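For reference, the structure is listed below as structure tokens.
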Amino acid sequence: MKAENMEKSKQLKEIIKNSKKICVFTGAGISCPSGIPDFRSADGLYNQKSGYNYSPEEIISHSFFVRNPDLFYDFYKSKMLYPNAQPNKAHKYFADLEKQGKDVSVVTQNIDGLHQKAGSSKVFELHGSVARNYCTKCKKSYSLEYIANSQGIPRCTEDKAIIKPDVVLYEEPLDGDVIEGAINAIANADTLIVIGTSLVVYPAASFIRYYKGKNMILINKSKTSYDTIANMSINEDVIEVVEYLEK
Ligand SMILES: [Zn+2]
């Protein structure tokens, strides 16, 4: 790690130590070390040739799900589900902070459920989660494994109706309760740590605005347009920063 980033990590460690309420806002970058690709990055899913005659944005939309559930699920299961992905050191670090008695809430743009899997209890998933799936008719819930192991369109065992992932698709609104919880967590935090997101993608930037404190820290491998707004910006691999914090 560069000396400059080491110095900043040292400061961050002190800030965390002195914080009463921490909010962690995470994007794809925190889950990359778990083997989940950032679908918006240059080599990510969205820039891959999808092999379909539709763009990924079209496929992962509400109307496409309704019209072409077979193609939707073909794409969803092969490109968006990582049933074997495990939480990494960064997910675990914040879950452990909570276990040690810190008030830590997590607001995430990720749908992988890895913060909960690591043990965090206050997680606001802006875009939903692949871990929750419901029958569109009777609302019976199904696991990620059930969806991943299904053949073709996953259907309810009770009534054969189609199952829908609890993931916010294009054309769908974010959940009102989740938005409220996320805004409260951000607005009430004395420290806001933003990890692995460039903040340019909706709705991240609009949420960050609610932060009123003096400790907004960004951890992102590359520079972002928000580096100047943050009180401190660490352009470093999040795992390396966390390893330093744990020392
Ligand atoms: Zn059902």
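Naming scheme: A, B, ... for chains in displayed order of the structure tokens; residues 1 onward per chain; ligands 1 onward as shown.
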With the cut-off set at 12 Å and counting only C-alpha atoms and all ligand atoms, tabulate each residue of chain A with an atom at most that distance from an atom of ligand 1, showing the nearest atom pair and its distance in Å to one decimal, ordered by chain and increasing number, as JSON lines.
{"residue": "A:Asn133", "atom": "CA", "partner": "ligand 1", "partner_atom_place_in_ligand_line": "1 (Zn)", "distance": 11.1}
{"residue": "A:Tyr134", "atom": "CA", "partner": "ligand 1", "partner_atom_place_in_ligand_line": "1 (Zn)", "distance": 7.9}
{"residue": "A:Cys135", "atom": "CA", "partner": "ligand 1", "partner_atom_place_in_ligand_line": "1 (Zn)", "distance": 4.6}
{"residue": "A:Thr136", "atom": "CA", "partner": "ligand 1", "partner_atom_place_in_ligand_line": "1 (Zn)", "distance": 6.6}
{"residue": "A:Lys137", "atom": "CA", "partner": "ligand 1", "partner_atom_place_in_ligand_line": "1 (Zn)", "distance": 5.0}
{"residue": "A:Cys138", "atom": "CA", "partner": "ligand 1", "partner_atom_place_in_ligand_line": "1 (Zn)", "distance": 4.0}
{"residue": "A:Lys139", "atom": "CA", "partner": "ligand 1", "partner_atom_place_in_ligand_line": "1 (Zn)", "distance": 5.9}
{"residue": "A:Lys140", "atom": "CA", "partner": "ligand 1", "partner_atom_place_in_ligand_line": "1 (Zn)", "distance": 5.5}
{"residue": "A:Ser141", "atom": "CA", "partner": "ligand 1", "partner_atom_place_in_ligand_line": "1 (Zn)", "distance": 8.5}
{"residue": "A:Tyr142", "atom": "CA", "partner": "ligand 1", "partner_atom_place_in_ligand_line": "1 (Zn)", "distance": 10.0}
{"residue": "A:Pro154", "atom": "CA", "partner": "ligand 1", "partner_atom_place_in_ligand_line": "1 (Zn)", "distance": 10.9}
{"residue": "A:Arg155", "atom": "CA", "partner": "ligand 1", "partner_atom_place_in_ligand_line": "1 (Zn)", "distance": 7.7}
{"residue": "A:Cys156", "atom": "CA", "partner": "ligand 1", "partner_atom_place_in_ligand_line": "1 (Zn)", "distance": 4.6}
{"residue": "A:Thr157", "atom": "CA", "partner": "ligand 1", "partner_atom_place_in_ligand_line": "1 (Zn)", "distance": 6.6}
{"residue": "A:Glu158", "atom": "CA", "partner": "ligand 1", "partner_atom_place_in_ligand_line": "1 (Zn)", "distance": 5.1}
{"residue": "A:Asp159", "atom": "CA", "partner": "ligand 1", "partner_atom_place_in_ligand_line": "1 (Zn)", "distance": 4.7}
{"residue": "A:Lys160", "atom": "CA", "partner": "ligand 1", "partner_atom_place_in_ligand_line": "1 (Zn)", "distance": 6.3}
{"residue": "A:Ala161", "atom": "CA", "partner": "ligand 1", "partner_atom_place_in_ligand_line": "1 (Zn)", "distance": 5.5}
{"residue": "A:Ile162", "atom": "CA", "partner": "ligand 1", "partner_atom_place_in_ligand_line": "1 (Zn)", "distance": 7.7}
{"residue": "A:Ile163", "atom": "CA", "partner": "ligand 1", "partner_atom_place_in_ligand_line": "1 (Zn)", "distance": 7.7}
{"residue": "A:Lys164", "atom": "CA", "partner": "ligand 1", "partner_atom_place_in_ligand_line": "1 (Zn)", "distance": 10.6}
Any chance you could tabulate, as a tab-separated table, the residues of stretch 107-214 of chain A at most 9 Å from stretch 60-81 of chain A with each one's nearest atom pair and distance in Å to one decimal, using only C-alpha atoms, in chain and rising number order?
residue	atom	partner	partner_atom	distance
A:Asp112	CA	A:Leu81	CA	8.1
A:Val130	CA	A:Leu81	CA	7.2
A:Leu144	CA	A:Leu81	CA	8.1
A:Ile147	CA	A:Lys77	CA	7.8
A:Ala148	CA	A:Lys77	CA	6.1
A:Gly152	CA	A:Asp70	CA	6.3
A:Ile153	CA	A:Asp70	CA	5.6
A:Pro154	CA	A:Tyr73	CA	8.1
A:Ile162	CA	A:Pro69	CA	8.5
A:Lys164	CA	A:Phe65	CA	8.7
A:Val168	CA	A:His62	CA	8.6
A:Leu169	CA	A:Ser61	CA	4.9
A:Tyr170	CA	A:Ser61	CA	4.2
A:Glu171	CA	A:His62	CA	5.9
A:Glu172	CA	A:His62	CA	6.5
Within 10 Å of stretch 199-219 of chain A, which residues of stretch 71-156 of chain A show up? Give each one with its shortest atom-to-atom distance in Å (one decimal) and the two atoms involved, counting only C-alpha atoms, rows by chain then rising residue number, as a Markdown table.
| residue | atom | partner | partner_atom | distance |
| --- | --- | --- | --- | --- |
| A:Val107 | CA | A:Phe207 | CA | 9.5 |
| A:Thr108 | CA | A:Ala204 | CA | 9.0 |
| A:Gln109 | CA | A:Ala204 | CA | 7.7 |
| A:Leu126 | CA | A:Pro203 | CA | 8.5 |
| A:His127 | CA | A:Pro203 | CA | 9.8 |
Residues just named, written with C-alpha atoms as a compact mmCIF listing (two decimals), in the first residue's frame:
# COMPACT_ATOMS: atom_id res chain seq x y z
CA VAL A 107 -26.92 0.69 2.79
CA THR A 108 -26.08 -1.29 -0.32
CA GLN A 109 -26.71 -1.16 -4.02
CA LEU A 126 -31.78 -0.52 -2.30
CA HIS A 127 -32.04 -2.94 -5.22
- Message: Just want the 10 Å neighbourhood of A:Ser222, counted on only C-alpha atoms, with same-chain residues fewer than 5 positions away dropped. Output as an MDAnalysis selection string.
- Response: chainID A and resid 196:198 227 234:237
- Among stretch 49-113 of chain A, which residues carry a DSSP assignment of alpha helix (DSSP H), reported as a list in words?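 These are the residues in question: Pro56, Glu57, Glu58, Ile59, His62, Ser63, Phe64, Phe65, Val66, Arg67, Pro69, Asp70, Leu71, Phe72, Tyr73, Asp74, Phe75, Lys89, Ala90, His91, Lys92, Tyr93, Phe94, Ala95, Asp96, Leu97, Glu98 and Lys99 of chain A.
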- Task: Choose the residue, out of A:Ser19, A:Asn5, A:Gln11, A:Asn220, that has the smallest atom-to-atom separation from A:Cys32; count only C-alpha atoms.
- Result: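 Closest to A:Cys32, using only C-alpha atoms: A:Asn220.
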Distance query A:Asn84 at most 10 Å, only C-alpha atoms, self and fewer than 4 positions along chain excluded, as a PDB file with N, CA and C atoms, in the first residue's frame:
ATOM      1  N   SER A  34     -15.211 -11.131  -3.890  1.00  0.00           N
ATOM      2  CA  SER A  34     -15.966 -12.373  -3.660  1.00  0.00           C
ATOM      3  C   SER A  34     -16.290 -13.072  -4.974  1.00  0.00           C
ATOM      4  N   GLY A  35     -15.761 -12.523  -6.059  1.00  0.00           N
ATOM      5  CA  GLY A  35     -15.960 -13.150  -7.363  1.00  0.00           C
ATOM      6  C   GLY A  35     -17.225 -12.722  -8.084  1.00  0.00           C
ATOM      7  N   GLU A 145     -30.963 -20.949  -3.840  1.00  0.00           N
ATOM      8  CA  GLU A 145     -30.608 -22.268  -4.362  1.00  0.00           C
ATOM      9  C   GLU A 145     -31.749 -22.873  -5.186  1.00  0.00           C
TER      10      GLU A 145
END
- Message: Let's see if you can do this: from backbone DSSP, list all strand (DSSP E) residues in stretch 48-109 of chain A, as a ChimeraX atom specification.
- Response: /A:103-108
- Find the residues around stretch 117-121 of chain A up to 9 Å (only C-alpha atoms counted), leave out those fewer than 4 positions away in its own chain, and share them as a PyMOL selection string. chain A and resi 86-88+91-96+98-99+104-106+113
Print the selection's residues with N, CA, C and O atoms to a file, as a CSV table (one decimal), in the first residue's frame.
chain,number,residue,atom,x,y,z
A,86,GLN,N,-19.1,-16.1,-1.3
A,86,GLN,CA,-19.0,-15.9,0.1
A,86,GLN,C,-18.6,-14.5,0.5
A,86,GLN,O,-17.8,-13.9,-0.3
A,87,PRO,N,-19.0,-14.0,1.7
A,87,PRO,CA,-18.6,-12.7,2.1
A,87,PRO,C,-17.0,-12.7,2.2
A,87,PRO,O,-16.4,-13.7,2.6
A,88,ASN,N,-16.4,-11.5,1.9
A,88,ASN,CA,-15.0,-11.4,2.0
A,88,ASN,C,-14.7,-10.6,3.3
A,88,ASN,O,-15.5,-10.2,4.0
A,91,HIS,N,-16.8,-7.3,3.9
A,91,HIS,CA,-18.1,-7.6,4.5
A,91,HIS,C,-18.0,-8.0,6.0
A,91,HIS,O,-18.8,-7.5,6.8
A,92,LYS,N,-17.0,-8.9,6.2
A,92,LYS,CA,-16.9,-9.4,7.6
A,92,LYS,C,-16.4,-8.3,8.6
A,92,LYS,O,-16.8,-8.3,9.7
A,93,TYR,N,-15.6,-7.4,8.1
A,93,TYR,CA,-15.0,-6.4,9.0
A,93,TYR,C,-16.2,-5.6,9.6
A,93,TYR,O,-16.2,-5.3,10.8
A,94,PHE,N,-17.1,-5.2,8.8
A,94,PHE,CA,-18.2,-4.3,9.3
A,94,PHE,C,-19.2,-5.1,10.1
A,94,PHE,O,-19.8,-4.6,11.1
A,95,ALA,N,-19.4,-6.4,9.8
A,95,ALA,CA,-20.3,-7.3,10.6
A,95,ALA,C,-19.6,-7.5,12.0
A,95,ALA,O,-20.3,-7.4,13.0
A,96,ASP,N,-18.3,-7.6,12.0
A,96,ASP,CA,-17.6,-7.8,13.3
A,96,ASP,C,-17.6,-6.5,14.1
A,96,ASP,O,-17.8,-6.6,15.4
A,98,GLU,N,-20.0,-4.5,14.3
A,98,GLU,CA,-21.3,-4.5,14.9
A,98,GLU,C,-21.3,-5.5,16.1
A,98,GLU,O,-21.9,-5.1,17.2
A,99,LYS,N,-20.7,-6.6,15.9
A,99,LYS,CA,-20.7,-7.6,17.0
A,99,LYS,C,-19.9,-7.1,18.2
A,99,LYS,O,-20.2,-7.4,19.3
A,104,VAL,N,-23.6,0.0,13.6
A,104,VAL,CA,-23.3,0.0,12.2
A,104,VAL,C,-24.5,-0.4,11.3
A,104,VAL,O,-25.1,-1.4,11.5
A,105,SER,N,-24.8,0.5,10.4
A,105,SER,CA,-25.9,0.1,9.5
A,105,SER,C,-25.2,0.2,8.1
A,105,SER,O,-24.3,0.9,7.8
A,106,VAL,N,-25.8,-0.7,7.2
A,106,VAL,CA,-25.3,-0.8,5.9
A,106,VAL,C,-26.4,-0.5,4.8
A,106,VAL,O,-27.5,-1.0,4.9
A,113,GLY,N,-26.6,-10.2,-1.2
A,113,GLY,CA,-26.9,-10.6,0.2
A,113,GLY,C,-25.7,-10.9,1.0
A,113,GLY,O,-25.8,-11.5,2.1
- Separation of atom CA of A:Asp166 and atom CA of A:Asn53, in Å?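 Atom-to-atom, atom CA of A:Asp166 to atom CA of A:Asn53, that is 25.1 Å.
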- Quote the spacing between atom CA of A:Ile239 and atom CA of A:Ala28 in Å to one decimal place.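 A separation of 13.5 Å between them.
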